$ cat upload-v9.cif   # mmCIF, C-alpha atoms
data_protein
loop_
_atom_site.group_PDB
_atom_site.id
_atom_site.type_symbol
_atom_site.label_atom_id
_atom_site.label_comp_id
_atom_site.auth_asym_id
_atom_site.auth_seq_id
_atom_site.Cartn_x
_atom_site.Cartn_y
_atom_site.Cartn_z
ATOM 1 C CA MET A 1 -18.287 -6.054 2.691
ATOM 2 C CA ILE A 2 -15.474 -6.190 5.229
ATOM 3 C CA ARG A 3 -13.067 -8.989 4.358
ATOM 4 C CA GLU A 4 -10.347 -10.619 6.425
ATOM 5 C CA ILE A 5 -6.891 -9.093 5.951
ATOM 6 C CA VAL A 6 -4.232 -11.753 5.489
ATOM 7 C CA HIS A 7 -1.128 -11.398 7.608
ATOM 8 C CA TYR A 8 2.572 -11.875 7.029
ATOM 9 C CA ASP A 9 3.642 -15.266 5.752
ATOM 10 C CA ALA A 10 0.391 -15.905 3.863
ATOM 11 C CA PRO A 11 1.565 -17.146 0.430
ATOM 12 C CA ILE A 12 -0.872 -14.807 -1.429
ATOM 13 C CA LEU A 13 1.183 -11.800 -0.270
ATOM 14 C CA ARG A 14 4.061 -13.019 -2.466
ATOM 15 C CA VAL A 15 1.955 -13.504 -5.600
ATOM 16 C CA LYS A 16 2.144 -11.005 -8.458
ATOM 17 C CA GLY A 17 -1.374 -9.887 -9.301
ATOM 18 C CA LYS A 18 -2.947 -10.676 -12.630
ATOM 19 C CA GLU A 19 -3.704 -7.631 -14.791
ATOM 20 C CA ILE A 20 -7.339 -6.666 -14.964
ATOM 21 C CA GLY A 21 -8.972 -6.537 -18.382
ATOM 22 C CA THR A 22 -12.657 -5.637 -18.438
ATOM 23 C CA ILE A 23 -13.975 -3.926 -15.328
ATOM 24 C CA THR A 24 -16.679 -6.441 -14.435
ATOM 25 C CA PRO A 25 -19.295 -6.198 -11.666
ATOM 26 C CA SER A 26 -17.154 -8.619 -9.621
ATOM 27 C CA ILE A 27 -14.153 -6.253 -9.924
ATOM 28 C CA LYS A 28 -16.349 -3.345 -8.770
ATOM 29 C CA THR A 29 -17.506 -5.454 -5.809
ATOM 30 C CA LEU A 30 -13.867 -6.266 -5.005
ATOM 31 C CA ILE A 31 -13.023 -2.541 -5.041
ATOM 32 C CA ASP A 32 -15.946 -1.820 -2.688
ATOM 33 C CA ASP A 33 -14.730 -4.618 -0.395
ATOM 34 C CA LEU A 34 -11.196 -3.162 -0.433
ATOM 35 C CA PHE A 35 -12.528 0.244 0.643
ATOM 36 C CA ASP A 36 -14.805 -1.237 3.332
ATOM 37 C CA THR A 37 -11.986 -3.385 4.705
ATOM 38 C CA MET A 38 -9.379 -0.580 4.588
ATOM 39 C CA ARG A 39 -11.663 1.877 6.370
ATOM 40 C CA HIS A 40 -12.694 -0.675 8.981
ATOM 41 C CA ALA A 41 -8.992 -1.341 9.703
ATOM 42 C CA ARG A 42 -8.296 2.428 9.720
ATOM 43 C CA GLY A 43 -5.659 2.198 7.017
ATOM 44 C CA VAL A 44 -4.803 4.557 4.154
ATOM 45 C CA GLY A 45 -4.284 1.864 1.523
ATOM 46 C CA LEU A 46 -5.074 -1.752 0.757
ATOM 47 C CA ALA A 47 -4.136 -4.068 -2.109
ATOM 48 C CA ALA A 48 -6.134 -7.010 -3.440
ATOM 49 C CA GLN A 49 -3.490 -9.515 -2.254
ATOM 50 C CA GLN A 50 -4.146 -8.397 1.321
ATOM 51 C CA ILE A 51 -7.686 -9.781 1.114
ATOM 52 C CA GLY A 52 -6.660 -12.905 -0.758
ATOM 53 C CA GLU A 53 -7.058 -11.830 -4.412
ATOM 54 C CA ALA A 54 -4.051 -11.897 -6.751
ATOM 55 C CA LEU A 55 -5.152 -9.033 -8.994
ATOM 56 C CA GLN A 56 -3.652 -5.662 -10.005
ATOM 57 C CA VAL A 57 -5.984 -3.440 -7.975
ATOM 58 C CA ALA A 58 -5.448 -1.355 -4.850
ATOM 59 C CA VAL A 59 -7.222 1.488 -3.093
ATOM 60 C CA ILE A 60 -5.888 4.548 -1.251
ATOM 61 C CA ASP A 61 -7.535 7.282 0.790
ATOM 62 C CA ILE A 62 -5.354 9.818 2.627
ATOM 63 C CA THR A 63 -8.297 12.129 3.388
ATOM 64 C CA GLY A 64 -7.934 13.880 6.726
ATOM 65 C CA VAL A 65 -4.338 12.809 7.405
ATOM 66 C CA LYS A 66 -2.742 16.125 8.340
ATOM 67 C CA GLU A 67 0.314 15.042 10.358
ATOM 68 C CA ARG A 68 1.880 13.444 7.264
ATOM 69 C CA PRO A 69 1.134 15.738 4.309
ATOM 70 C CA SER A 70 0.547 14.432 0.810
ATOM 71 C CA LYS A 71 1.447 16.065 -2.485
ATOM 72 C CA MET A 72 -0.085 15.538 -5.909
ATOM 73 C CA TRP A 73 0.537 16.976 -9.358
ATOM 74 C CA ILE A 74 -1.553 16.548 -12.482
ATOM 75 C CA LYS A 75 0.080 17.578 -15.778
ATOM 76 C CA GLY A 76 2.857 19.182 -13.712
ATOM 77 C CA LYS A 77 0.531 21.451 -11.718
ATOM 78 C CA PRO A 78 0.100 21.001 -7.954
ATOM 79 C CA VAL A 79 -3.426 19.965 -6.913
ATOM 80 C CA ASP A 80 -5.091 19.183 -3.600
ATOM 81 C CA PRO A 81 -4.786 15.374 -3.239
ATOM 82 C CA GLU A 82 -8.005 15.220 -1.208
ATOM 83 C CA ASP A 83 -9.913 16.403 -4.297
ATOM 84 C CA HIS A 84 -8.905 13.100 -5.943
ATOM 85 C CA MET A 85 -9.691 10.742 -3.054
ATOM 86 C CA PRO A 86 -10.537 7.992 -2.747
ATOM 87 C CA LEU A 87 -8.098 6.661 -5.308
ATOM 88 C CA ILE A 88 -8.366 3.362 -7.167
ATOM 89 C CA LEU A 89 -5.258 1.928 -8.826
ATOM 90 C CA ILE A 90 -5.900 -0.638 -11.582
ATOM 91 C CA ASN A 91 -2.891 -2.074 -13.455
ATOM 92 C CA PRO A 92 -0.752 0.868 -12.258
ATOM 93 C CA ILE A 93 2.566 1.714 -13.896
ATOM 94 C CA LEU A 94 5.052 3.667 -11.780
ATOM 95 C CA LYS A 95 8.127 5.728 -12.510
ATOM 96 C CA PRO A 96 9.776 6.640 -9.182
ATOM 97 C CA THR A 97 12.490 9.257 -8.775
ATOM 98 C CA LYS A 98 15.967 8.116 -7.795
ATOM 99 C CA THR A 99 16.016 10.440 -4.767
ATOM 100 C CA LYS A 100 14.879 8.549 -1.673
ATOM 101 C CA VAL A 101 13.346 9.648 1.616
ATOM 102 C CA THR A 102 13.183 7.528 4.754
ATOM 103 C CA SER A 103 10.000 7.640 6.803
ATOM 104 C CA HIS A 104 7.990 5.360 9.048
ATOM 105 C CA GLU A 105 5.571 2.965 7.457
ATOM 106 C CA GLY A 106 3.068 0.428 8.676
ATOM 107 C CA CYS A 107 1.115 -2.291 6.894
ATOM 108 C CA LEU A 108 -2.269 -3.806 7.675
ATOM 109 C CA SER A 109 -0.759 -7.245 6.939
ATOM 110 C CA PHE A 110 1.870 -6.607 9.651
ATOM 111 C CA PRO A 111 -0.253 -5.437 12.611
ATOM 112 C CA GLY A 112 1.733 -3.503 15.196
ATOM 113 C CA LEU A 113 4.940 -3.275 13.132
ATOM 114 C CA THR A 114 6.081 0.203 12.088
ATOM 115 C CA LEU A 115 9.380 0.462 10.225
ATOM 116 C CA ASP A 116 11.566 3.181 8.737
ATOM 117 C CA ILE A 117 11.591 2.537 4.986
ATOM 118 C CA ALA A 118 13.487 4.401 2.243
ATOM 119 C CA ARG A 119 11.279 5.060 -0.789
ATOM 120 C CA ALA A 120 11.333 7.377 -3.791
ATOM 121 C CA GLN A 121 10.631 11.001 -2.900
ATOM 122 C CA ARG A 122 8.185 11.307 -5.781
ATOM 123 C CA VAL A 123 6.525 8.884 -8.173
ATOM 124 C CA ALA A 124 4.830 9.314 -11.557
ATOM 125 C CA VAL A 125 1.733 7.119 -11.806
ATOM 126 C CA ARG A 126 -0.287 5.901 -14.781
ATOM 127 C CA THR A 127 -3.323 3.886 -13.770
ATOM 128 C CA ARG A 128 -6.631 2.747 -15.185
ATOM 129 C CA THR A 129 -9.827 4.006 -13.628
ATOM 130 C CA VAL A 130 -13.037 2.078 -12.970
ATOM 131 C CA ASP A 131 -14.376 3.646 -16.186
ATOM 132 C CA GLY A 132 -11.495 2.056 -18.105
ATOM 133 C CA ASP A 133 -9.784 5.392 -18.834
ATOM 134 C CA TRP A 134 -6.180 6.204 -17.954
ATOM 135 C CA PHE A 135 -5.376 8.645 -15.147
ATOM 136 C CA GLU A 136 -1.886 10.103 -14.769
ATOM 137 C CA PHE A 137 -0.486 11.992 -11.793
ATOM 138 C CA ASP A 138 2.630 12.456 -9.693
ATOM 139 C CA ALA A 139 2.592 11.862 -5.946
ATOM 140 C CA GLY A 140 4.816 12.732 -3.001
ATOM 141 C CA GLY A 141 4.639 12.746 0.766
ATOM 142 C CA LEU A 142 2.265 10.225 2.333
ATOM 143 C CA LEU A 143 0.346 9.742 -0.924
ATOM 144 C CA GLY A 144 3.529 8.880 -2.824
ATOM 145 C CA ARG A 145 4.599 6.468 -0.085
ATOM 146 C CA ALA A 146 1.146 4.830 -0.057
ATOM 147 C CA VAL A 147 1.173 4.394 -3.850
ATOM 148 C CA LEU A 148 4.637 2.801 -3.770
ATOM 149 C CA HIS A 149 3.671 0.552 -0.829
ATOM 150 C CA GLU A 150 0.411 -0.677 -2.395
ATOM 151 C CA VAL A 151 1.915 -1.222 -5.845
ATOM 152 C CA ASP A 152 4.669 -3.288 -4.187
ATOM 153 C CA HIS A 153 1.866 -5.532 -2.859
ATOM 154 C CA LEU A 154 0.461 -5.893 -6.385
ATOM 155 C CA HIS A 155 3.833 -7.342 -7.430
ATOM 156 C CA GLY A 156 4.245 -9.657 -4.433
ATOM 157 C CA ARG A 157 6.725 -7.379 -2.650
ATOM 158 C CA LEU A 158 6.446 -6.385 1.002
ATOM 159 C CA TYR A 159 7.793 -3.380 2.859
ATOM 160 C CA ILE A 160 10.164 -5.609 4.811
ATOM 161 C CA ASP A 161 11.881 -6.382 1.486
ATOM 162 C CA HIS A 162 13.309 -2.836 1.614
ATOM 163 C CA LEU A 163 15.214 -3.627 4.829
ATOM 164 C CA SER A 164 18.845 -4.699 5.089
ATOM 165 C CA ALA A 165 19.649 -8.230 6.299
ATOM 166 C CA GLU A 166 20.612 -6.776 9.690
ATOM 167 C CA GLN A 167 17.339 -4.828 9.974
ATOM 168 C CA ARG A 168 15.390 -7.983 9.127
ATOM 169 C CA ARG A 169 17.238 -9.888 11.850
ATOM 170 C CA GLU A 170 16.210 -7.173 14.323
ATOM 171 C CA ILE A 171 12.498 -7.704 13.588
ATOM 172 C CA LYS A 172 12.624 -11.522 13.303
ATOM 173 C CA GLU A 173 10.902 -12.030 16.666
ATOM 174 C CA ASP A 174 8.174 -9.497 15.782
ATOM 175 C CA LEU A 175 7.533 -11.365 12.518
ATOM 176 C CA GLU A 176 7.138 -14.612 14.447
ATOM 177 C CA TYR A 177 4.423 -13.009 16.618
ATOM 178 C CA ILE A 178 2.599 -11.797 13.478
ATOM 179 C CA LYS A 179 2.852 -15.270 11.875
ATOM 180 C CA ARG A 180 1.270 -16.810 14.979
ATOM 181 C CA GLY A 181 -1.484 -14.164 14.980
ATOM 182 C CA GLU A 182 -0.312 -12.761 18.311
ATOM 183 C CA PRO A 183 0.182 -9.079 19.145
ATOM 184 C CA ILE A 184 3.745 -7.835 19.237
ATOM 185 C CA PRO A 185 4.607 -7.217 22.911
ATOM 186 C CA GLU A 186 5.444 -3.679 23.979
ATOM 187 C CA PRO A 187 9.164 -3.182 24.660
ATOM 188 C CA ALA A 188 10.050 -3.430 28.329
ATOM 189 C CA GLU A 189 10.770 -0.117 30.024
ATOM 190 C CA GLU A 190 14.278 0.280 31.368
#
$ encode --input "upload-v9.cif" --output "structure tokens"
Amino acid sequence: MIREIVHYDAPILRVKGKEIGTITPSIKTLIDDLFDTMRHARGVGLAAQQIGEALQVAVIDITGVKERPSKMWIKGKPVDPEDHMPLILINPILKPTKTKVTSHEGCLSFPGLTLDIARAQRVAVRTRTVDGDWFEFDAGGLLGRAVLHEVDHLHGRLYIDHLSAEQRREIKEDLEYIKRGEPIPEPAEE
């Protein structure tokens, strides 16, 4: 079922998700709803907080995104990330590298706002699967960025939190439009 995506300034976006114990039918329904909602919105990732649920679950699917390549390693060996899509993250634990890369990033909870965000170049991930098993992999490129972005949501952090005070001042007006549910106006041509 397609659910409504909450936008910036909704209190739920600042709530740390509760860890998931048993994978119940309601959790499986939530995961299906996350995928339906993400695909409908044409995103590559969505966290439970973005549809109003404060739980440690997010979904990612980078299938078909060629202009921003993804990288994935399992047990140190490179694999094709698309072979492991769609991806479900339940109670994920991350270990990011110290080396950072800046790239543009959007967020379905911030419609129309694309920002340059510095994130770890690569991240080691340990996550539960729907079967209750653990799945471990490393991610880079778009996949790594998506994992870091969605796991931030699971902890009540937003991509704007990675901006400097000056950068946040520069987007203050855009954030006001999003809060009011209005589209961000296109910049005037000079």
$ closest_residue --input "upload-v9.cif" --among "A:His149, A:Arg119, A:Lys18, A:Lys95" --to "A:Ile60" --atoms "only C-alpha atoms"
A:His149
$ resolve_selection --input "upload-v9.cif" --expression "the PyMOL selection byres ((chain A and resi 41-58) around 9)" --output "PyMOL selection string"
chain A and resi 3-7+10+12-20+27+30-31+33-40+59-63+65+87-92+107-109+143+146-147+149-151+153-156
$ write_last_selection --input "upload-v9.cif" --atoms "C-alpha atoms" --output "mmCIF file, keeping the file's coordinate frame"
data_model
loop_
_atom_site.group_PDB
_atom_site.id
_atom_site.type_symbol
_atom_site.label_atom_id
_atom_site.label_comp_id
_atom_site.auth_asym_id
_atom_site.auth_seq_id
_atom_site.Cartn_x
_atom_site.Cartn_y
_atom_site.Cartn_z
ATOM 1 C CA ARG A 3 -13.067 -8.989 4.358
ATOM 2 C CA GLU A 4 -10.347 -10.619 6.425
ATOM 3 C CA ILE A 5 -6.891 -9.093 5.951
ATOM 4 C CA VAL A 6 -4.232 -11.753 5.489
ATOM 5 C CA HIS A 7 -1.128 -11.398 7.608
ATOM 6 C CA ALA A 10 0.391 -15.905 3.863
ATOM 7 C CA ILE A 12 -0.872 -14.807 -1.429
ATOM 8 C CA LEU A 13 1.183 -11.800 -0.270
ATOM 9 C CA ARG A 14 4.061 -13.019 -2.466
ATOM 10 C CA VAL A 15 1.955 -13.504 -5.600
ATOM 11 C CA LYS A 16 2.144 -11.005 -8.458
ATOM 12 C CA GLY A 17 -1.374 -9.887 -9.301
ATOM 13 C CA LYS A 18 -2.947 -10.676 -12.630
ATOM 14 C CA GLU A 19 -3.704 -7.631 -14.791
ATOM 15 C CA ILE A 20 -7.339 -6.666 -14.964
ATOM 16 C CA ILE A 27 -14.153 -6.253 -9.924
ATOM 17 C CA LEU A 30 -13.867 -6.266 -5.005
ATOM 18 C CA ILE A 31 -13.023 -2.541 -5.041
ATOM 19 C CA ASP A 33 -14.730 -4.618 -0.395
ATOM 20 C CA LEU A 34 -11.196 -3.162 -0.433
ATOM 21 C CA PHE A 35 -12.528 0.244 0.643
ATOM 22 C CA ASP A 36 -14.805 -1.237 3.332
ATOM 23 C CA THR A 37 -11.986 -3.385 4.705
ATOM 24 C CA MET A 38 -9.379 -0.580 4.588
ATOM 25 C CA ARG A 39 -11.663 1.877 6.370
ATOM 26 C CA HIS A 40 -12.694 -0.675 8.981
ATOM 27 C CA VAL A 59 -7.222 1.488 -3.093
ATOM 28 C CA ILE A 60 -5.888 4.548 -1.251
ATOM 29 C CA ASP A 61 -7.535 7.282 0.790
ATOM 30 C CA ILE A 62 -5.354 9.818 2.627
ATOM 31 C CA THR A 63 -8.297 12.129 3.388
ATOM 32 C CA VAL A 65 -4.338 12.809 7.405
ATOM 33 C CA LEU A 87 -8.098 6.661 -5.308
ATOM 34 C CA ILE A 88 -8.366 3.362 -7.167
ATOM 35 C CA LEU A 89 -5.258 1.928 -8.826
ATOM 36 C CA ILE A 90 -5.900 -0.638 -11.582
ATOM 37 C CA ASN A 91 -2.891 -2.074 -13.455
ATOM 38 C CA PRO A 92 -0.752 0.868 -12.258
ATOM 39 C CA CYS A 107 1.115 -2.291 6.894
ATOM 40 C CA LEU A 108 -2.269 -3.806 7.675
ATOM 41 C CA SER A 109 -0.759 -7.245 6.939
ATOM 42 C CA LEU A 143 0.346 9.742 -0.924
ATOM 43 C CA ALA A 146 1.146 4.830 -0.057
ATOM 44 C CA VAL A 147 1.173 4.394 -3.850
ATOM 45 C CA HIS A 149 3.671 0.552 -0.829
ATOM 46 C CA GLU A 150 0.411 -0.677 -2.395
ATOM 47 C CA VAL A 151 1.915 -1.222 -5.845
ATOM 48 C CA HIS A 153 1.866 -5.532 -2.859
ATOM 49 C CA LEU A 154 0.461 -5.893 -6.385
ATOM 50 C CA HIS A 155 3.833 -7.342 -7.430
ATOM 51 C CA GLY A 156 4.245 -9.657 -4.433
#
$ residues_around --input "upload-v9.cif" --residues "A:Thr99" --least-positions-apart "2" --cutoff "10 Å" --atoms "all atoms listed in the file" --output "ChimeraX atom specification"
/A:96-97,101,118-122
$ residues_around --input "upload-v9.cif" --residues "A:Gly140" --least-positions-apart "2" --cutoff "9 Å" --atoms "all atoms listed in the file" --output "number ranges by chain"
A: 69-73, 120-123, 138, 142-145
$ atom_distance --input "upload-v9.cif" --atom1 "atom CA of A:Tyr159" --atom2 "atom CA of A:Lys172"
14.1 Å
$ resolve_selection --input "upload-v9.cif" --expression "the PyMOL selection byres ((chain A and resi 176-183) around 10)" --output "ChimeraX atom specification"
/A:7-10,109-113,171-175,184-186
$ atom_distance --input "upload-v9.cif" --atom1 "atom CA of A:His104" --atom2 "atom CA of A:Gly64"
18.2 Å
$ resolve_selection --input "upload-v9.cif" --expression "the PyMOL selection byres ((chain A and resi 115) around 7)" --output "PyMOL selection string"
chain A and resi 104-106+113-114+116-117
$ atom_distance --input "upload-v9.cif" --atom1 "atom CA of A:Gly141" --atom2 "atom CA of A:Lys75"
17.8 Å
$ residues_around --input "upload-v9.cif" --residues "A:Asp133" --least-positions-apart "2" --cutoff "12 Å" --atoms "all atoms listed in the file" --output "PyMOL selection string"
chain A and resi 21-23+88-91+126-131+135-136
$ closest_residue --input "upload-v9.cif" --among "A:Asp32, A:Thr102, A:Val125, A:Ala139" --to "A:Lys77" --atoms "all atoms listed in the file"
A:Ala139
$ decode --input "upload-v9.cif" --residues "stretch 156-180 of chain A" --atoms "C-alpha atoms" --output "PDB file, in the first residue's frame"
ATOM      1  CA  GLY A 156      16.323  10.666  13.827  1.00  0.00           C
ATOM      2  CA  ARG A 157      19.040  12.411  11.803  1.00  0.00           C
ATOM      3  CA  LEU A 158      18.408  14.243   8.541  1.00  0.00           C
ATOM      4  CA  TYR A 159      20.722  15.032   5.657  1.00  0.00           C
ATOM      5  CA  ILE A 160      20.527  18.732   6.470  1.00  0.00           C
ATOM      6  CA  ASP A 161      22.256  17.909   9.777  1.00  0.00           C
ATOM      7  CA  HIS A 162      25.456  17.369   7.753  1.00  0.00           C
ATOM      8  CA  LEU A 163      25.448  21.013   6.606  1.00  0.00           C
ATOM      9  CA  SER A 164      27.374  23.875   8.187  1.00  0.00           C
ATOM     10  CA  ALA A 165      25.437  26.671   9.922  1.00  0.00           C
ATOM     11  CA  GLU A 166      26.076  28.899   6.894  1.00  0.00           C
ATOM     12  CA  GLN A 167      24.798  26.247   4.460  1.00  0.00           C
ATOM     13  CA  ARG A 168      21.662  25.824   6.572  1.00  0.00           C
ATOM     14  CA  ARG A 169      21.064  29.578   6.487  1.00  0.00           C
ATOM     15  CA  GLU A 170      21.282  29.436   2.682  1.00  0.00           C
ATOM     16  CA  ILE A 171      18.443  26.888   2.468  1.00  0.00           C
ATOM     17  CA  LYS A 172      16.259  28.396   5.230  1.00  0.00           C
ATOM     18  CA  GLU A 173      13.724  29.785   2.744  1.00  0.00           C
ATOM     19  CA  ASP A 174      13.540  26.444   0.888  1.00  0.00           C
ATOM     20  CA  LEU A 175      12.847  24.674   4.196  1.00  0.00           C
ATOM     21  CA  GLU A 176      10.003  27.089   4.899  1.00  0.00           C
ATOM     22  CA  TYR A 177       8.384  26.180   1.552  1.00  0.00           C
ATOM     23  CA  ILE A 178       8.690  22.457   2.391  1.00  0.00           C
ATOM     24  CA  LYS A 179       7.188  23.021   5.873  1.00  0.00           C
ATOM     25  CA  ARG A 180       4.192  24.762   4.290  1.00  0.00           C
TER      26      ARG A 180
END
